[in-house]
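Student: Before I ask anything, let me first share the structure, which is written out below as structure tokens.
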Amino acid sequence: MRPEAPARRRGRPPRSGPDLVIVANRLPIEHDAEEGWRRAPGGLVSAMEAVLREREVIWVGWSGAFSDATSEKDRPEPPARVGPIQLGRVPLTRAQVEGHYEGFSNGALWPLYHGGIVPPVYHRSQFDTYRQVNELFAGAVAERAPMGARVWVHDYQLQLVPAMLRARRPDLRIGFFLHIPFPPVELFAQLPWRRQIVEGLLGADVIGFQTHDAAMNFQRLAGRFATETTVVTDGLLEVPGEDGPRTIICDAFPIGIRASDYADLAAKPEVQARAKQIRADVGDPDVLLLGVDRLDYTKGIGVRIQAVTELLLDGRLDPERTAFIQVATPTRENVEEYQRIRDEVELLVGRANGDLGKVGTNPIHYMHQPMPPAELVALYVAADVMLVTPIRDGMNLVAKEYVAARINNDGALVLSEFTGAAEQMSEAWLVNPYDIAGMKSTIMSALAESRSSALTRMARLRAGVFAEDVTAWAEEFLTALSEGPENEL
Ligand code: ADQ
């Protein structure tokens, strides 16, 4: 009997079809018990919509349903396409998701890449599952990608895919983009599988990072852990290939947002009205401060609450005339550290309101829930000061969304130096999230700034966010992927 599996797997790639394949941990759909399958909300989906408007693509990812679920209800079959997107499902069991996503990706890579804020946990069995799941993704792409297509692999869950895919399909142009920070060599070197990760990424033709610092970190590492790699010049690496040396672009491609969508939403009369209502609901304060984050220990939610609480206790901000709204989106609730950060934040909020609140008024309004975009934008429109204070963040889109929503050029953005966004948004009020006293005085300076100077500052920030929007980001990355290093030299 002829062995069937290899024949199928190595069978000829499809000759025609969309020339772009997106590979991400999740498919851009989610299952709702009542509505069935629907387009999933979220950053990558909305970023990619900018690309999708003009073309058909194949999107390879996991559907969110476990392939070994025992009841049919828990194992719904996703559709073959949504709009212009052909869906390529990678079936994963519960154990695979636990080892790959919750385990190695979020227990080891996420904390390590964010500077070791919480100690990364390394389990050999989880890395084995990470490798196995990366193989499944590479296999799914190899089967579906048309000859010579461009493949764009996203993020830290899939760092081994580029090399695995190149081994199976050398005809493809492979790009990889890392949405989170990339750590310096001193930190990365602790990873027991550092060489495998570096070699996995070096399978790509373009390796994109959020910042120049991150790209430099990787260039330094590549030479150290993949010894045949040379840095040709800043932004270009060379590795040995089957037909002679192969050049890889390794550079910063800072992600943007769909800026005009936020501005359009902010201009709508119903959103403006809702913003007024929000201010009224929190007691028409003189100062409204806002934080919006996934409830993640990297986002510096605790330090921000501490800074605001101290300002209220010191009397530098009047507790009767100040309100602080913190929206914290539920996230990764199966990972232990996330249960801990939730307890920590809720303790801080409870304590501050206990010390400062009166019957019927609390200075801190805390919401642990997702929100529709119009409500989020109404909050951006309502807030005088946006507090974005991560300990470490690849980019941070919230900072850009707030700025885009300030259609009258007023408002102030307080931004951590340790976000990728700070590299582009130097007009923001930059803070060191480890320096609470500094953060407090920066918030006060932002509030004390003259109106004309604040307007100029916001206008400059807005010009940057509109010029470097998500369409520009996607085009720049895809151009580098199509044209190769010629333009970089
Ligand atoms: P995240 O860590 O998720 O992204 P961020 O860039 O701030 O962080 O994006 C969060 C997104 O979720 C924003 O678009 C925001 O509007 C939305 N959001 C937040 N709270 C919400 C709520 N309660 N309801 C609805 N939506 C909410 C990762 C990296 C970042 C990088 C992005 C993109 O960690 O550094 O900027 O990818 O590359």
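Every chain in the structure tokens has a letter given in the order shown (A, B, ...), and although residue numbers restart at 1 in each chain, ligands are simply numbered from 1 in the order shown.
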Would you give me, as an mmCIF file with N, CA, C and O atoms, in the first residue's frame, the residues in segment 371-446 of chain A that DSSP reads as strand (DSSP E or B)?
Tutor:
```cif
data_model
loop_
_atom_site.group_PDB
_atom_site.id
_atom_site.type_symbol
_atom_site.label_atom_id
_atom_site.label_comp_id
_atom_site.auth_asym_id
_atom_site.auth_seq_id
_atom_site.Cartn_x
_atom_site.Cartn_y
_atom_site.Cartn_z
ATOM 1 N N VAL A 385 -7.714 63.760 30.244
ATOM 2 C CA VAL A 385 -6.354 63.197 30.246
ATOM 3 C C VAL A 385 -6.446 61.688 30.073
ATOM 4 O O VAL A 385 -7.192 61.025 30.783
ATOM 5 N N MET A 386 -5.689 61.168 29.111
ATOM 6 C CA MET A 386 -5.631 59.723 28.889
ATOM 7 C C MET A 386 -4.344 59.213 29.528
ATOM 8 O O MET A 386 -3.256 59.722 29.238
ATOM 9 N N LEU A 387 -4.461 58.214 30.402
ATOM 10 C CA LEU A 387 -3.286 57.669 31.088
ATOM 11 C C LEU A 387 -2.908 56.323 30.472
ATOM 12 O O LEU A 387 -3.645 55.344 30.610
ATOM 13 N N VAL A 388 -1.788 56.288 29.777
ATOM 14 C CA VAL A 388 -1.292 55.050 29.159
ATOM 15 C C VAL A 388 0.088 54.796 29.765
ATOM 16 O O VAL A 388 1.067 55.408 29.357
ATOM 17 N N ASP A 393 5.368 47.717 26.504
ATOM 18 C CA ASP A 393 4.304 47.444 25.531
ATOM 19 C C ASP A 393 4.906 47.520 24.132
ATOM 20 O O ASP A 393 5.689 48.435 23.846
ATOM 21 N N ALA A 412 -5.111 65.644 26.743
ATOM 22 C CA ALA A 412 -3.685 65.386 26.979
ATOM 23 C C ALA A 412 -3.432 63.890 27.064
ATOM 24 O O ALA A 412 -4.225 63.145 27.640
ATOM 25 N N LEU A 413 -2.332 63.471 26.470
ATOM 26 C CA LEU A 413 -1.934 62.059 26.513
ATOM 27 C C LEU A 413 -0.709 61.914 27.406
ATOM 28 O O LEU A 413 0.338 62.491 27.128
ATOM 29 N N VAL A 414 -0.860 61.141 28.498
ATOM 30 C CA VAL A 414 0.277 60.799 29.351
ATOM 31 C C VAL A 414 0.706 59.399 28.941
ATOM 32 O O VAL A 414 -0.104 58.462 28.953
ATOM 33 N N LEU A 415 1.970 59.251 28.518
ATOM 34 C CA LEU A 415 2.381 58.008 27.860
ATOM 35 C C LEU A 415 3.690 57.472 28.431
ATOM 36 O O LEU A 415 4.674 58.204 28.563
ATOM 37 N N SER A 416 3.700 56.174 28.725
ATOM 38 C CA SER A 416 4.918 55.542 29.235
ATOM 39 C C SER A 416 6.020 55.535 28.178
ATOM 40 O O SER A 416 5.777 55.217 27.008
ATOM 41 N N THR A 419 6.666 52.183 25.937
ATOM 42 C CA THR A 419 5.779 51.676 24.887
ATOM 43 C C THR A 419 6.452 51.934 23.547
ATOM 44 O O THR A 419 7.229 52.901 23.418
ATOM 45 N N TRP A 429 2.999 63.500 26.895
ATOM 46 C CA TRP A 429 3.626 63.715 28.204
ATOM 47 C C TRP A 429 4.240 62.398 28.620
ATOM 48 O O TRP A 429 3.544 61.511 29.119
ATOM 49 N N LEU A 430 5.545 62.249 28.379
ATOM 50 C CA LEU A 430 6.183 60.950 28.607
ATOM 51 C C LEU A 430 6.499 60.744 30.088
ATOM 52 O O LEU A 430 6.946 61.664 30.771
ATOM 53 N N VAL A 431 6.246 59.518 30.557
ATOM 54 C CA VAL A 431 6.519 59.200 31.969
ATOM 55 C C VAL A 431 7.260 57.874 32.088
ATOM 56 O O VAL A 431 7.147 56.996 31.229
#
```
Student: List as CSV every residue of chain A that is in contact with ligand 1, defined as an atom at most 9 Å from one of its atoms (using only C-alpha atoms and all ligand atoms), together with the nearest atom pair and the distance in Å rounded to one decimal, sorted by chain and then rising number.
Tutor:
```
residue,atom,partner,partner_atom_place_in_ligand_line,distance
A:Pro41,CA,ligand 1,26 (N),7.9
A:Gly42,CA,ligand 1,12 (O),6.1
A:Gly43,CA,ligand 1,14 (O),5.2
A:Leu44,CA,ligand 1,33 (C),6.7
A:Ser46,CA,ligand 1,14 (O),8.4
A:Ala47,CA,ligand 1,33 (C),8.3
A:Asp155,CA,ligand 1,37 (O),8.7
A:Phe177,CA,ligand 1,38 (O),8.9
A:Leu178,CA,ligand 1,38 (O),7.7
A:His179,CA,ligand 1,38 (O),4.2
A:Ile180,CA,ligand 1,29 (C),5.0
A:Pro181,CA,ligand 1,35 (O),7.3
A:Gln210,CA,ligand 1,38 (O),7.5
A:Pro254,CA,ligand 1,38 (O),8.2
A:Ile255,CA,ligand 1,38 (O),5.9
A:Gly256,CA,ligand 1,33 (C),8.0
A:Ile257,CA,ligand 1,14 (O),8.1
A:Val292,CA,ligand 1,20 (N),5.3
A:Asp293,CA,ligand 1,20 (N),4.7
A:Arg294,CA,ligand 1,20 (N),5.3
A:Leu295,CA,ligand 1,20 (N),8.4
A:Asp296,CA,ligand 1,2 (O),7.8
A:Thr298,CA,ligand 1,2 (O),8.3
A:Lys299,CA,ligand 1,2 (O),8.0
A:Val327,CA,ligand 1,23 (N),5.6
A:Ala328,CA,ligand 1,23 (N),5.7
A:Thr329,CA,ligand 1,23 (N),4.3
A:Pro330,CA,ligand 1,23 (N),7.7
A:Met367,CA,ligand 1,23 (N),7.9
A:His368,CA,ligand 1,23 (N),7.2
A:Gln369,CA,ligand 1,23 (N),5.3
A:Pro370,CA,ligand 1,24 (N),3.5
A:Met371,CA,ligand 1,24 (N),3.6
A:Pro372,CA,ligand 1,25 (C),5.8
A:Pro373,CA,ligand 1,25 (C),6.3
A:Glu375,CA,ligand 1,24 (N),8.5
A:Leu376,CA,ligand 1,24 (N),6.8
A:Val377,CA,ligand 1,16 (O),8.5
A:Val388,CA,ligand 1,7 (O),8.8
A:Arg392,CA,ligand 1,35 (O),8.2
A:Asp393,CA,ligand 1,35 (O),4.4
A:Gly394,CA,ligand 1,35 (O),3.4
A:Met395,CA,ligand 1,36 (O),3.7
A:Asn396,CA,ligand 1,6 (O),3.5
A:Leu397,CA,ligand 1,6 (O),3.7
A:Val398,CA,ligand 1,7 (O),4.7
A:Ala399,CA,ligand 1,7 (O),7.4
A:Lys400,CA,ligand 1,6 (O),8.8
A:Glu401,CA,ligand 1,16 (O),6.9
A:Tyr402,CA,ligand 1,16 (O),8.9
A:Thr419,CA,ligand 1,35 (O),7.2
A:Gly420,CA,ligand 1,35 (O),7.0
A:Ala421,CA,ligand 1,36 (O),7.9
```
Student: Pick out the closest residue to Trp473 of chain A from this set: A:Arg258, A:Gly175, A:Ile407, A:Gly283. Count only C-alpha atoms.
Tutor: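 Under the stated criterion, the closest residue is A:Arg258.
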Student: Which of segment 365-450 of chain A end up as helix (DSSP H, G or I) when DSSP is run on this backbone - answer as a ChimeraX atom specification?
Tutor: /A:373-382,397-405,421-424,436-448
Student: Compile the contact shell of segment 215-224 of chain A as a ChimeraX atom specification: residues with an atom at most 8 Å away, counting only C-alpha atoms, same-chain residues fewer than 2 positions apart removed.
Tutor: /A:182-185,198,208-209,211-213,226-231,234-235,237,250-252
Student: Distance atom CA of Gln277 of chain A-atom CA of Leu317 of chain A, one decimal place?
Tutor: 22.4 Å
Student: Excluding Pro146 of chain A and its own-chain neighbours fewer than 6 positions away, which residues fall within 10 Å of it when counting only C-alpha atoms? Please give them as a count of residues only.
Tutor: 13
Student: Which is closer to Phe188 of chain A than all the others in A:Val133, A:Leu158, A:Leu109, A:Ala323, using only C-alpha atoms?
Tutor: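 Between A:Val133, A:Leu158, A:Leu109, A:Ala323, the residue approaching Phe188 of chain A most closely is A:Leu109.
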Student: Using only C-alpha atoms, which protein or nucleic acid residues come within 7 Å of segment 434-447 of chain A? Drop anything in the same chain fewer than 6 positions from it, and give the result as a list in words.
Tutor: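 Skipping anything fewer than 6 positions along the chain leaves Val303, Ala307, Leu311 and Ala412 of chain A.
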Student: To one decimal in Å, tell me the separation between atom CA of Leu27 of chain A and atom CA of Val60 of chain A.
Tutor: 6.5 Å
Student: Hey, can you check how far atom CA of Pro79 of chain A sits from atom CA of Asn106 of chain A?
Tutor: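 About the pair atom CA of Pro79 of chain A and atom CA of Asn106 of chain A: they are 28.2 Å apart.
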Student: Compile the contact shell of Ala454 of chain A as a PyMOL selection string: residues with an atom at most 9 Å away, counting only C-alpha atoms, same-chain residues fewer than 4 positions apart removed.
Tutor: chain A and resi 409-412+446+449-450+458-459
Student: Using N, CA, C and O atoms, can you export the residues from the last selection as a compact mmCIF listing (two decimals), in the first residue's frame?
Tutor:
```txt
# COMPACT_ATOMS: atom_id res chain seq x y z
N ASN A 409 -8.59 68.82 18.83
CA ASN A 409 -7.17 69.01 19.21
C ASN A 409 -6.96 69.32 20.69
O ASN A 409 -5.90 69.82 21.07
N ASP A 410 -7.96 69.07 21.52
CA ASP A 410 -7.72 69.29 22.96
C ASP A 410 -7.48 67.94 23.63
O ASP A 410 -7.47 66.90 22.99
N GLY A 411 -7.28 67.97 24.95
CA GLY A 411 -6.99 66.74 25.69
C GLY A 411 -5.50 66.52 25.81
O GLY A 411 -4.70 67.16 25.10
N ALA A 412 -5.11 65.64 26.74
CA ALA A 412 -3.69 65.39 26.98
C ALA A 412 -3.43 63.89 27.06
O ALA A 412 -4.23 63.15 27.64
N ALA A 446 0.46 68.39 32.83
CA ALA A 446 -0.44 68.26 31.67
C ALA A 446 -1.71 69.06 31.92
O ALA A 446 -2.22 69.74 31.02
N GLU A 449 -1.10 72.97 31.65
CA GLU A 449 -0.58 73.55 30.41
C GLU A 449 -1.57 74.55 29.80
O GLU A 449 -2.79 74.34 29.86
N SER A 450 -1.01 75.59 29.18
CA SER A 450 -1.89 76.58 28.56
C SER A 450 -2.65 75.94 27.40
O SER A 450 -2.17 75.00 26.78
N MET A 458 -1.38 68.49 20.66
CA MET A 458 -2.31 67.46 20.19
C MET A 458 -2.39 67.46 18.66
O MET A 458 -2.46 66.41 18.03
N ALA A 459 -2.34 68.64 18.07
CA ALA A 459 -2.40 68.71 16.60
C ALA A 459 -1.21 67.96 15.99
O ALA A 459 -1.35 67.23 15.00
```
Student: Of the candidates A:Arg150, A:Asp74, A:Glu476, A:His100, which shows the shortest atom-to-atom distance to Val23 of chain A, using only C-alpha atoms?
Tutor: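 For Val23 of chain A, the nearest of the candidates is A:Arg150.
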Student: Considering only C-alpha atoms, return as a PyMOL selection string whatever protein or nucleic-acid residues lie within 12 Å of Tyr101 of chain A, sequence-local ones (same chain, fewer than 6 positions apart) excluded.
Tutor: chain A and resi 25-26+62+64+92-95+107-110+126-127+129-134+155-158+332+334-335
